[in-house]
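Participant: Once you've had a glance at the structure underneath, I'll fire off some questions.
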Amino acid sequence: MQSKKRLLIITNRYPAGPDDVASPFVHDFRKALEADNIQTDVVTPYYQSQYGGKDYIDDAVHVFRWSDGSRVISQLPLYHPASILKIKRYFQRGYETAAKLLNRNKYDGILALWAAPSGYIAERLSEKYDIPFAVWALGSDINSWAQLPIVGKIIVKVLKNSHRLYADGYELAVKVKALAGKECQFIPSYHAIEIDAVRPEIPAKGFVCVGRVEKSKGVFDLLEAFRIFVKRHSDYRLDYIGTGRAETQLKKMIEEYHLSNSVASHGYLPRCEINELLVNSTAAVIPSHADSLPLTFGEAMQAGVPVICSDVGDMPYFVDRYKAGYHYPAGDVGALAEKMEEILAGAAQCAANCQAALSELDICNSVMAIRGWLETIAQAIETKECSHADA
């Protein structure tokens, strides 16, 4: 058995239960760490969840209150006075919650999921308590927040001061390295889903898009592409699963295009219903304009469902390496419609290749990397103590 370690995780989100769509991989990661004899405590902000229960919120998950939980911190208008007060409260409450744990327990390291805001809290704690901290970049922190004038400078400082850097994408790791001026290792953010049904030999005629309903996620590109596609294939349908700021506009456009009989925007659905739609689809479509390697990609691979994705982040790499689907230039509606046409003939072969991608996406690879980091910290402490004893 591996030596016992203790890790403090600070994360922007933690799922309340199995049907909560808020960063569900964080729970998988925590459980995988504990299976490897790494005891964890998690510090996370309170958010309202559409999922009713709190199955995953146990004594090791320490939730701090900073607002009514109706909006995530990244959605707050940065320069509004009320937002500034909420952001200040977020950092204060997050820091205080973590500090109480550090005063009570001995941890081998602190791991921040996202460079901000979690990374900023971890950096301050590391300096105060003299405990190494690492940052796991997860896409939005680097692709979006790091581009902002003030927040970007804070993120760069956090990255530079961290003791170890990780990213959930190969391309994202290159971006982090450029910002920090030091190495960054890819570790996957993988969410395991329980697939009850076996993918049928001849799946239903349709496409599924799972994720936030936002313009930046390419949901309108997909609708325009399907509008072209459905003229030749009127018996196919498109299902959107998820919520977001563009949900109302998307539903309005579906009606305006007279596609209500073939396109549905379901909003939030329990995991079992998502899986059923996914397994029975021709392909999953991920039309994002900017992304690393979204969880929906790994979920599709588990379901044995081919993927049509934009050529952003690591999705083209995995699609090409494992021949598990097709990719197209982000934002190119015509090219997306063509790939939807092509997948009709290639879906069966692509589906047979999906399983092979899972070995590279396994969350145990991430746990192995964190275990290695914690062992390095222990060795450094031991070496330092020995040198003091010799002196």
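Naming scheme: A, B, ... for chains in displayed order of the structure tokens; residues 1 onward per chain; ligands 1 onward as shown.
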Would you mind listing what lies within 6 Å of segment 59-68 of chain A as a PDB file with N, CA and C atoms, in the first residue's frame, with only C-alpha atoms counted and same-chain residues fewer than 3 positions away left out?
Facilitator:
```
ATOM      1  N   ASP A  41      -9.253  16.963   2.182  1.00  0.00           N
ATOM      2  CA  ASP A  41     -10.284  17.894   2.617  1.00  0.00           C
ATOM      3  C   ASP A  41     -10.499  18.852   1.460  1.00  0.00           C
ATOM      4  N   VAL A  42     -11.746  19.243   1.235  1.00  0.00           N
ATOM      5  CA  VAL A  42     -12.094  20.106   0.115  1.00  0.00           C
ATOM      6  C   VAL A  42     -12.721  21.389   0.633  1.00  0.00           C
ATOM      7  N   VAL A  43     -12.229  22.518   0.153  1.00  0.00           N
ATOM      8  CA  VAL A  43     -12.818  23.829   0.455  1.00  0.00           C
ATOM      9  C   VAL A  43     -13.445  24.348  -0.830  1.00  0.00           C
ATOM     10  N   THR A  44     -14.737  24.676  -0.765  1.00  0.00           N
ATOM     11  CA  THR A  44     -15.446  25.075  -1.974  1.00  0.00           C
ATOM     12  C   THR A  44     -16.553  26.070  -1.643  1.00  0.00           C
ATOM     13  N   PRO A  45     -16.886  26.974  -2.554  1.00  0.00           N
ATOM     14  CA  PRO A  45     -17.953  27.956  -2.283  1.00  0.00           C
ATOM     15  C   PRO A  45     -19.338  27.340  -2.416  1.00  0.00           C
ATOM     16  N   TYR A  46     -20.304  27.966  -1.764  1.00  0.00           N
ATOM     17  CA  TYR A  46     -21.696  27.539  -1.858  1.00  0.00           C
ATOM     18  C   TYR A  46     -22.318  28.068  -3.151  1.00  0.00           C
ATOM     19  N   ARG A  89     -15.669  39.166  -0.277  1.00  0.00           N
ATOM     20  CA  ARG A  89     -16.206  38.222   0.702  1.00  0.00           C
ATOM     21  C   ARG A  89     -15.846  36.785   0.316  1.00  0.00           C
ATOM     22  N   TYR A  90     -15.868  36.501  -0.978  1.00  0.00           N
ATOM     23  CA  TYR A  90     -15.518  35.161  -1.468  1.00  0.00           C
ATOM     24  C   TYR A  90     -14.096  34.803  -1.019  1.00  0.00           C
TER      25      TYR A  90
END
```
Participant: At a cut-off of 7 Å, using only C-alpha atoms, what residues contact Leu111 of chain A? Leave out same-chain residues fewer than 4 positions from it and give the result as JSON, numbers by chain.
Facilitator: {"A": [8, 9, 10, 133, 134, 135]}
Participant: Excluding Ala290 of chain A and any residue of its chain fewer than 3 positions from it, enumerate the residues within 10 Å of it, using only C-alpha atoms, and give them as a compact mmCIF listing (two decimals) with C-alpha atoms, in the first residue's frame.
Facilitator:
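Just written: part_37.txt:
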```
# COMPACT_ATOMS: atom_id res chain seq x y z
CA GLY A 139 -9.49 25.89 -19.20
CA SER A 140 -11.58 28.95 -18.36
CA ASN A 143 -8.41 30.80 -21.90
CA SER A 144 -10.67 33.55 -20.51
CA SER A 216 -19.17 30.67 -26.95
CA LYS A 217 -20.03 26.96 -26.79
CA GLY A 218 -21.12 27.09 -30.44
CA PRO A 287 -19.05 22.88 -31.23
CA LEU A 293 -10.81 18.86 -23.37
CA SER A 310 -14.49 21.90 -33.33
CA ASP A 311 -10.73 22.01 -33.76
CA VAL A 312 -9.98 23.67 -30.41
CA GLY A 313 -7.94 22.43 -27.48
CA ALA A 330 -14.43 26.24 -35.07
```
Participant: List the spatial neighbours of segment 169-178 of chain A as a list in words - criterion: any atom at most 7 Å away, only C-alpha atoms, same-chain residues fewer than 2 positions off excluded.
Facilitator: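 My reading of the contact set: Gly139, Tyr166, Ala167, Ala180, Gly181, Lys182, Glu183, Cys184, Gln185, Phe186, Pro188, Ser292, Leu293, Gly313 and Asp314 of chain A.
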Participant: From segment 239-344 of chain A, collect each residue whose DSSP state is helix (DSSP H, G or I) and return the set as number ranges by chain.
Facilitator: A: 247-256, 271-279, 295-303, 315-322, 333-344
Participant: Would you output that residue set with C-alpha atoms, as a compact mmCIF listing (two decimals), in the first residue's frame?
Facilitator:
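As written to disk, selection-v3.txt reads:
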```
# COMPACT_ATOMS: atom_id res chain seq x y z
CA GLU A 247 -31.12 29.08 -23.58
CA THR A 248 -34.04 31.46 -24.20
CA GLN A 249 -32.54 32.75 -27.45
CA LEU A 250 -31.84 29.21 -28.64
CA LYS A 251 -35.45 28.12 -28.04
CA LYS A 252 -36.70 31.25 -29.84
CA MET A 253 -34.56 30.47 -32.89
CA ILE A 254 -35.70 26.85 -32.95
CA GLU A 255 -39.27 28.10 -33.23
CA GLU A 256 -38.39 30.77 -35.81
CA ARG A 271 -27.65 11.85 -15.56
CA CYS A 272 -29.57 8.67 -16.44
CA GLU A 273 -31.65 10.56 -19.03
CA ILE A 274 -28.54 12.20 -20.50
CA ASN A 275 -26.91 8.79 -20.83
CA GLU A 276 -29.96 7.34 -22.56
CA LEU A 277 -30.00 10.11 -25.17
CA LEU A 278 -26.23 9.89 -25.58
CA VAL A 279 -26.03 6.11 -26.06
CA LEU A 295 -15.81 16.40 -19.83
CA THR A 296 -18.45 15.62 -22.45
CA PHE A 297 -15.71 14.25 -24.70
CA GLY A 298 -14.72 11.60 -22.14
CA GLU A 299 -18.38 10.87 -21.41
CA ALA A 300 -19.00 10.21 -25.11
CA MET A 301 -16.01 7.87 -25.23
CA GLN A 302 -17.41 5.90 -22.26
CA ALA A 303 -20.78 5.63 -24.00
CA MET A 315 -10.19 17.43 -29.09
CA PRO A 316 -8.63 17.14 -32.59
CA TYR A 317 -5.66 15.27 -31.10
CA PHE A 318 -7.86 12.64 -29.44
CA VAL A 319 -10.23 12.36 -32.41
CA ASP A 320 -7.33 11.82 -34.84
CA ARG A 321 -5.27 9.56 -32.60
CA TYR A 322 -8.11 7.20 -31.76
CA VAL A 333 -21.18 26.18 -40.01
CA GLY A 334 -20.83 24.67 -43.47
CA ALA A 335 -17.94 22.44 -42.41
CA LEU A 336 -19.91 21.26 -39.37
CA ALA A 337 -22.88 20.34 -41.58
CA GLU A 338 -20.50 18.36 -43.84
CA LYS A 339 -19.09 16.41 -40.86
CA MET A 340 -22.63 15.60 -39.72
CA GLU A 341 -23.15 14.17 -43.20
CA GLU A 342 -19.88 12.20 -43.13
CA ILE A 343 -20.52 10.64 -39.72
CA LEU A 344 -23.58 8.84 -41.11
```
Participant: Would you mind reading off the distance between atom CA of Gly109 of chain A and atom CA of Ile381 of chain A, one decimal, in Å?
Facilitator: 12.1 Å
Participant: Just checking: using only C-alpha atoms, which residue out of A:Ala378, A:Ile187, A:Leu259, A:Leu113 ends up closest to Lys4 of chain A?
Facilitator: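 Between A:Ala378, A:Ile187, A:Leu259, A:Leu113, the residue approaching Lys4 of chain A most closely is A:Ala378.
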Participant: Can you tell me how far atom CA of Ile377 of chain A sits from atom CA of Pro24 of chain A, in Å to one decimal?
Facilitator: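 The value is 28.3 Å.
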Participant: Can you list every residue in segment 97-332 of chain A that DSSP puts in strand (DSSP E), as an MDAnalysis selection string?
Facilitator: chainID A and resid 109:113 133:137 164:167 185:186 206:210 237:241 263:265 283:286 307:310 325:328
Participant: So which residues touch Tyr95 of chain A within 10 Å, counting only C-alpha atoms, skipping near sequence neighbours fewer than 2 positions away, as JSON, numbers by chain?
Facilitator: {"A": [10, 43, 64, 89, 90, 91, 92, 93, 97, 98, 99, 100, 118, 120, 121, 122, 124, 125]}
Participant: Leaving out Val208 of chain A and any residue of its chain fewer than 2 positions from it, which residues lie within 6 Å of it when counting only C-alpha atoms, given as a list in words?
Facilitator: Leu238, Asp239 and Ala284 of chain A
Participant: What's the 12 Å shell around segment 32-39 of chain A, counting only C-alpha atoms, without same-chain residues fewer than 5 positions away, as a PDB file with N, CA and C atoms, in the first residue's frame?
Facilitator:
```
ATOM      1  N   MET A   1       0.842  -1.201   0.000  1.00  0.00           N
ATOM      2  CA  MET A   1       0.000   0.000   0.000  1.00  0.00           C
ATOM      3  C   MET A   1       0.879   1.254   0.000  1.00  0.00           C
ATOM      4  N   GLN A   2       0.436   2.267  -0.736  1.00  0.00           N
ATOM      5  CA  GLN A   2       1.165   3.522  -0.798  1.00  0.00           C
ATOM      6  C   GLN A   2       1.148   4.198   0.574  1.00  0.00           C
ATOM      7  N   SER A   3       2.205   4.983   0.848  1.00  0.00           N
ATOM      8  CA  SER A   3       2.264   5.716   2.111  1.00  0.00           C
ATOM      9  C   SER A   3       1.120   6.717   2.183  1.00  0.00           C
ATOM     10  N   LYS A   4       0.614   6.940   3.384  1.00  0.00           N
ATOM     11  CA  LYS A   4      -0.539   7.822   3.556  1.00  0.00           C
ATOM     12  C   LYS A   4      -0.115   9.282   3.430  1.00  0.00           C
ATOM     13  N   LYS A   5      -0.890  10.034   2.674  1.00  0.00           N
ATOM     14  CA  LYS A   5      -0.657  11.466   2.502  1.00  0.00           C
ATOM     15  C   LYS A   5      -1.947  12.215   2.810  1.00  0.00           C
ATOM     16  N   ARG A   6      -1.808  13.519   3.012  1.00  0.00           N
ATOM     17  CA  ARG A   6      -2.994  14.341   3.259  1.00  0.00           C
ATOM     18  C   ARG A   6      -2.915  15.593   2.387  1.00  0.00           C
ATOM     19  N   LEU A   7      -3.995  15.863   1.693  1.00  0.00           N
ATOM     20  CA  LEU A   7      -4.031  16.944   0.714  1.00  0.00           C
ATOM     21  C   LEU A   7      -5.221  17.851   0.975  1.00  0.00           C
ATOM     22  N   LEU A   8      -4.968  19.154   0.894  1.00  0.00           N
ATOM     23  CA  LEU A   8      -6.055  20.139   0.975  1.00  0.00           C
ATOM     24  C   LEU A   8      -6.354  20.622  -0.437  1.00  0.00           C
ATOM     25  N   ILE A   9      -7.593  20.423  -0.871  1.00  0.00           N
ATOM     26  CA  ILE A   9      -8.026  20.851  -2.205  1.00  0.00           C
ATOM     27  C   ILE A   9      -8.877  22.106  -2.067  1.00  0.00           C
ATOM     28  N   PHE A  25     -16.332  15.934 -12.196  1.00  0.00           N
ATOM     29  CA  PHE A  25     -15.072  15.199 -12.124  1.00  0.00           C
ATOM     30  C   PHE A  25     -14.345  15.418 -10.804  1.00  0.00           C
ATOM     31  N   VAL A  26     -14.622  16.539 -10.109  1.00  0.00           N
ATOM     32  CA  VAL A  26     -13.909  16.840  -8.862  1.00  0.00           C
ATOM     33  C   VAL A  26     -14.190  15.756  -7.816  1.00  0.00           C
ATOM     34  N   HIS A  27     -15.428  15.289  -7.766  1.00  0.00           N
ATOM     35  CA  HIS A  27     -15.764  14.213  -6.834  1.00  0.00           C
ATOM     36  C   HIS A  27     -15.061  12.918  -7.234  1.00  0.00           C
ATOM     37  N   ALA A  60     -15.826  15.919   4.864  1.00  0.00           N
ATOM     38  CA  ALA A  60     -14.555  16.342   4.261  1.00  0.00           C
ATOM     39  C   ALA A  60     -14.739  17.473   3.246  1.00  0.00           C
ATOM     40  N   VAL A  61     -15.982  17.837   2.971  1.00  0.00           N
ATOM     41  CA  VAL A  61     -16.262  18.929   2.025  1.00  0.00           C
ATOM     42  C   VAL A  61     -16.722  20.143   2.829  1.00  0.00           C
ATOM     43  N   ASN A 105      -5.034  20.616  11.140  1.00  0.00           N
ATOM     44  CA  ASN A 105      -4.484  19.411  10.520  1.00  0.00           C
ATOM     45  C   ASN A 105      -3.144  19.671   9.841  1.00  0.00           C
ATOM     46  N   LYS A 106      -2.382  18.623   9.671  1.00  0.00           N
ATOM     47  CA  LYS A 106      -1.114  18.702   8.956  1.00  0.00           C
ATOM     48  C   LYS A 106      -1.330  18.169   7.537  1.00  0.00           C
ATOM     49  N   TYR A 107      -1.068  18.993   6.546  1.00  0.00           N
ATOM     50  CA  TYR A 107      -1.231  18.607   5.149  1.00  0.00           C
ATOM     51  C   TYR A 107       0.133  18.560   4.466  1.00  0.00           C
ATOM     52  N   ASP A 108       0.240  17.649   3.500  1.00  0.00           N
ATOM     53  CA  ASP A 108       1.479  17.555   2.725  1.00  0.00           C
ATOM     54  C   ASP A 108       1.539  18.607   1.626  1.00  0.00           C
ATOM     55  N   GLY A 109       0.372  19.041   1.145  1.00  0.00           N
ATOM     56  CA  GLY A 109       0.336  20.043   0.089  1.00  0.00           C
ATOM     57  C   GLY A 109      -1.057  20.601  -0.087  1.00  0.00           C
ATOM     58  N   SER A 189      -9.024  15.560 -16.574  1.00  0.00           N
ATOM     59  CA  SER A 189     -10.178  15.776 -15.690  1.00  0.00           C
ATOM     60  C   SER A 189     -11.303  14.901 -16.230  1.00  0.00           C
ATOM     61  N   TYR A 190     -11.403  13.717 -15.701  1.00  0.00           N
ATOM     62  CA  TYR A 190     -12.273  12.674 -16.251  1.00  0.00           C
ATOM     63  C   TYR A 190     -13.450  12.406 -15.324  1.00  0.00           C
ATOM     64  N   HIS A 191     -14.633  12.383 -15.895  1.00  0.00           N
ATOM     65  CA  HIS A 191     -15.844  12.083 -15.122  1.00  0.00           C
ATOM     66  C   HIS A 191     -16.403  10.731 -15.535  1.00  0.00           C
ATOM     67  N   ALA A 192     -16.405   9.794 -14.600  1.00  0.00           N
ATOM     68  CA  ALA A 192     -16.923   8.452 -14.888  1.00  0.00           C
ATOM     69  C   ALA A 192     -18.442   8.462 -14.816  1.00  0.00           C
ATOM     70  N   ASP A 362      -7.981   8.322 -18.168  1.00  0.00           N
ATOM     71  CA  ASP A 362      -8.275   7.766 -16.847  1.00  0.00           C
ATOM     72  C   ASP A 362      -7.845   8.711 -15.724  1.00  0.00           C
ATOM     73  N   ILE A 363      -8.744   8.955 -14.763  1.00  0.00           N
ATOM     74  CA  ILE A 363      -8.457   9.859 -13.643  1.00  0.00           C
ATOM     75  C   ILE A 363      -7.324   9.320 -12.771  1.00  0.00           C
ATOM     76  N   CYS A 364      -7.067   8.025 -12.837  1.00  0.00           N
ATOM     77  CA  CYS A 364      -5.959   7.449 -12.062  1.00  0.00           C
ATOM     78  C   CYS A 364      -4.610   8.005 -12.511  1.00  0.00           C
ATOM     79  N   ASN A 365      -4.517   8.425 -13.774  1.00  0.00           N
ATOM     80  CA  ASN A 365      -3.296   9.082 -14.248  1.00  0.00           C
ATOM     81  C   ASN A 365      -3.063  10.396 -13.503  1.00  0.00           C
ATOM     82  N   SER A 366      -4.153  11.090 -13.215  1.00  0.00           N
ATOM     83  CA  SER A 366      -4.065  12.357 -12.478  1.00  0.00           C
ATOM     84  C   SER A 366      -3.644  12.106 -11.032  1.00  0.00           C
ATOM     85  N   VAL A 367      -4.220  11.064 -10.431  1.00  0.00           N
ATOM     86  CA  VAL A 367      -3.876  10.713  -9.049  1.00  0.00           C
ATOM     87  C   VAL A 367      -2.400  10.330  -8.953  1.00  0.00           C
ATOM     88  N   MET A 368      -1.901   9.594  -9.937  1.00  0.00           N
ATOM     89  CA  MET A 368      -0.502   9.186  -9.944  1.00  0.00           C
ATOM     90  C   MET A 368       0.424  10.406  -9.954  1.00  0.00           C
ATOM     91  N   ALA A 369       0.048  11.417 -10.729  1.00  0.00           N
ATOM     92  CA  ALA A 369       0.860  12.637 -10.805  1.00  0.00           C
ATOM     93  C   ALA A 369       0.864  13.377  -9.466  1.00  0.00           C
ATOM     94  N   ILE A 370      -0.296  13.483  -8.821  1.00  0.00           N
ATOM     95  CA  ILE A 370      -0.378  14.174  -7.532  1.00  0.00           C
ATOM     96  C   ILE A 370       0.371  13.389  -6.463  1.00  0.00           C
ATOM     97  N   ARG A 371       0.251  12.069  -6.495  1.00  0.00           N
ATOM     98  CA  ARG A 371       1.004  11.228  -5.566  1.00  0.00           C
ATOM     99  C   ARG A 371       2.510  11.483  -5.723  1.00  0.00           C
ATOM    100  N   GLY A 372       2.970  11.561  -6.967  1.00  0.00           N
ATOM    101  CA  GLY A 372       4.384  11.825  -7.226  1.00  0.00           C
ATOM    102  C   GLY A 372       4.832  13.157  -6.663  1.00  0.00           C
ATOM    103  N   TRP A 373       3.986  14.176  -6.806  1.00  0.00           N
ATOM    104  CA  TRP A 373       4.306  15.502  -6.271  1.00  0.00           C
ATOM    105  C   TRP A 373       4.413  15.469  -4.749  1.00  0.00           C
ATOM    106  N   LEU A 374       3.459  14.837  -4.101  1.00  0.00           N
ATOM    107  CA  LEU A 374       3.463  14.753  -2.633  1.00  0.00           C
ATOM    108  C   LEU A 374       4.667  13.957  -2.129  1.00  0.00           C
ATOM    109  N   GLU A 375       5.062  12.922  -2.841  1.00  0.00           N
ATOM    110  CA  GLU A 375       6.246  12.151  -2.451  1.00  0.00           C
ATOM    111  C   GLU A 375       7.508  13.004  -2.584  1.00  0.00           C
TER     112      GLU A 375
END
```
